[in-house]
Structure formats: structure tokens, C-alpha cells
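First up is the structure itself, then whatever we jot down about it.
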Amino acid sequence: MPDLQRTMLLTGASRGIGHATVKLFAQRDWRVLTVSRHPFDPACPWPGGAANHLQADLSEPEACESLIAEVRSRIDGKGIDALVNNAGISPKAIDGSRMSALQTDYRTWLQVFNVNFFAPAILARGLFQELKRARGAIINVTSIAGSRVHPFAGTAYACSKAALAALTRELAHDYGPHGVRVNAIAPGEIHTSILSPGTNLIVEKQIPMGRLGEPTEVAELIMFMCSTNSGYVNGAEFHINGGQHV
């Protein structure tokens with residue numbers, strides 16, 4: 001019997017949206033390869049989690065190349081049905097506030113873009129043949145901060161997410177003829193452990209639905225975008241923010 005289990009590679013799996021996505025896909029019988037800077041955390045288990053976890057620092061371009069080789073070794077000639085570029089960093093000022101352009105030095109710009117933008121680009125290119133083999137999907141996790149100034153998200157983070165949205169369109173154009181769909185989701189305020197103080201004011205004043213989003217809601221959208229139910233969707237960026245963008 002052929003192996004019908006689908007395979008996903010997800011970066012930034014250790015918490016929040018990434019962790020919720022991993023658990024949902026695992027529950028629905030996907031093989032999930034996860035990537036984070038940290039070792040596998042047994043406090044957040046899922047079936048096969050420890051065996052399918054890859055540790056890599058995506059701020060280092062060499063680590064991305066090594067990761068691609070390791071992924072190929074793990075899947076042993078099979079395809080990749082979904083690549084979810086979820087890893088992202090958003091440095092803060094010393095007092096924890098938004099890091100403005102005046103406060104952001106070159107080293108910080110480079111670190112943020114390496115993780116938030118260049119790593120997705122390198123992984124998409126390096127794993128193209130595996131994605132093509134499975135007629136897979138790429139999901140880039142952008143942000144509401146990519147299209148407007150945000151009170152907590154810094155300048156480098158916002159610019160990197162705007163660039164990732166542009167990359168999504170370019171990849172959709174380049175990969176679509178090969179059967180690989182590329183889309184993005186742009187979360188707003190999601191109920192995770194890294195919420196900034198003052199988020200409640202955004203909820204009260206800017207979100208028509210009057211509540212935070214849940215990581216599981218984002219995970220369900222990612223699942224839809226990786227399924228055949230979205231088979232004609234390509235090059236789109238989906239807002240998931242309770243109407244915060246309107």
C-alpha cells in the first residue's frame with residue numbers, strides 16, 4: 001500500500017500559533033516536521049514530536065542550508081505537502097516598548113530579516129522539488145503590522161512582514177505553474193504568551209469583534225489553506241484579526 005500520510009514542515013513550532021498548528025495537523029494524521037531554535041519541549045508533546053523535531057537557528061543562513069539537507073534526509077525522497085513559514089522575531093527596546101527606526105541598528109535589521117524573510121525564501125527555494133513532487137502548499141505567516149504602523153511591533157519586524165507578503169505574491173507567480181500554491185495569513189492580536197501590555201486597549205478600541213483571536217483559529221485557517229478545499233487559491237494574503245484591519 002502506498003504511504004498516503006501527508007507531510008508538513010513548520011518553523012517556529014515551540015509556542016503560540018506554531019504549537020497550535022502542529023497539534024492540529026498531528027491530530028489529523030499529518031506527519032509534522034518542526035523547526036525551532038530550542039530542543040523539543042516534552043511539556044508540549046504530540047505524536048512523534050521528539051523524533052520529528054529539528055533544531056536550527058534561522059538567523060544564520062548556513063543553518064537554513066543545513067536544515068534543507070536534514071529535511072531531505074528525513075523524508076527520504078518523498079514530497080512535502082506543506083511548508084509553513086511561521087518563525088518570527090520582533091525585538092523590543094530596553095524598556096520593552098516598540099523599537100523604532102531610530103533605535104534599530106544594522107545588526108538588528110539583519111537578524112530580523114534573516115529569520116522573518118530570508119529563511120522563508122531560502123526554504124522555499126531549497127525545497128522546491130519536494131513541494132513540486134507533492135503539489136504542495138506554502139503558507140507564509142505575515143502580520144497586520146506589515147500593512148500599518150503598530151503600537152507594539154517594531155519597524156524592522158513590520159518591514160520584514162511587508163517583504164514576506166511581497167515574496168508570497170512572487171512565489172505564487174513563479175511556483176504556480178509547477179502545481180505549488182503560495183499564500184499568506186496575516187494575524188492580528190492573537191491570545192498567546194507574548195502579548196504586549198496594553199493589548200487590551202487595542203481589543204477595546206480597534207477590533208470590531210471585541211476579543212483576541214485564539215491560536216487554534218489561526219491553525220484551522222492554515223489547515224484550510226493546505227487542503228484541497230483551497231485548491232484554486234494562490235497568491236492571497238488572508239486577514240485573521242476580528243476586523244481590526246477595516
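We label chains A, B, ... in the order they appear in the C-alpha cells, count residues from 1 in each chain, and number ligands from 1 in the order shown.
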
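Near Asn183 in chain A, within 7 Å and counting only C-alpha atoms, sit Ile138, Ile139, Asn140, Thr168, Asn234, Gly235, Ala236 and Glu237 of chain A, not including residues fewer than 6 positions from it in the same chain.
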
| message | Excluding range 215-221 of chain A and its own-chain neighbours fewer than 6 positions away, which residues fall within 6 Å of it when counting only C-alpha atoms? Please give them as a PyMOL selection string. | response | chain A and resi 17+20-21

| said: What's around Ala63 in chain A at 12 Å? Count only C-alpha atoms, leave out sequence neighbours fewer than 2 positions away in its own chain, and write the answer as a list in words. | reply: Val35, Ser36, Arg37, Leu54, Gln55, Ala56, Asp57, Leu58, Ser59, Glu60, Pro61, Glu65, Ser66, Leu67, Ile68, Ala69, Glu70, Asn114, Val115, Phe118, Ala119, Ile122 and Leu123 of chain A

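If you count only C-alpha atoms and ignore residues fewer than 3 places along the chain from range 23-32 of chain A, what sits within 9 Å of it is A:Gln5, A:Arg6, A:Thr7, A:Met8, A:Leu9, A:Leu10, A:Gly18, A:His19, A:Ala20, A:Pro45, A:Trp46, A:Pro47, A:Gly48, A:Gly49, A:Asn52, A:His53, A:Thr216, A:Ala219, A:Glu220, A:Met223.
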
| query | Among range 15-190 of chain A, which ones does DSSP place in alpha helix (DSSP H), written as a PyMOL selection string? | reply | chain A and resi 16-27+61-75+106-113+119-126+128-134+155-175

Residues of range 34-114 of chain A that approach range 195-210 of chain A to 12 Å or less, counting only C-alpha atoms: could you list each one with the shortest pair of atoms and its distance in Å to one decimal, rows by chain and increasing residue number, as a Markdown table?
| residue | atom | partner | partner_atom | distance |
| --- | --- | --- | --- | --- |
| A:Ser90 | CA | A:Ser196 | CA | 11.4 |
| A:Lys92 | CA | A:Ser196 | CA | 10.3 |
| A:Asp95 | CA | A:Pro197 | CA | 11.8 |
| A:Gly96 | CA | A:Ser196 | CA | 8.5 |
| A:Ser97 | CA | A:Ser196 | CA | 8.6 |
| A:Arg98 | CA | A:Ser196 | CA | 9.7 |

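Of the listed residues (A:Leu102, A:Ala51, A:Val233, A:Ala153), A:Val233 comes nearest to Ala172 in chain A; the distances count only C-alpha atoms.
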
| query | Can you list, as a ChimeraX atom specification, every protein, DNA or RNA residue that comes within 6 Å of Asn86 in chain A when you count only C-alpha atoms, leaving out same-chain residues fewer than 6 positions away? | reply | /A:11-12,141

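Using only C-alpha atoms, the contacts of Thr155 in chain A at a cut-off of 10 Å, with sequence neighbours closer than 6 positions omitted, comprise Ser90, Pro91, Arg98, Met99, Ser100, Ala101, Leu102, Gln103, Thr104, Trp109, Ala145, Gly146 and Val149 of chain A.
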
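Among the candidates A:Arg181, A:His239, A:His191, A:Arg133, the one nearest to Arg15 in chain A when counting only C-alpha atoms is A:His191.
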
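When the distance limit is 7 Å and only C-alpha atoms are what count, the residues near Lys161 in chain A, minus those fewer than 3 positions from it on the same chain, are Asn116, Thr142, Ser143, Gly146, Tyr157, Ala158, Leu164 and Ala165 of chain A.
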
| request: Enumerate, as a PyMOL selection string, the complete set of residues in range 55-195 of chain A that a backbone-based DSSP assignment places in strand (DSSP E or B). | output: chain A and resi 55+82-85+92+98+137-141+181-187+190
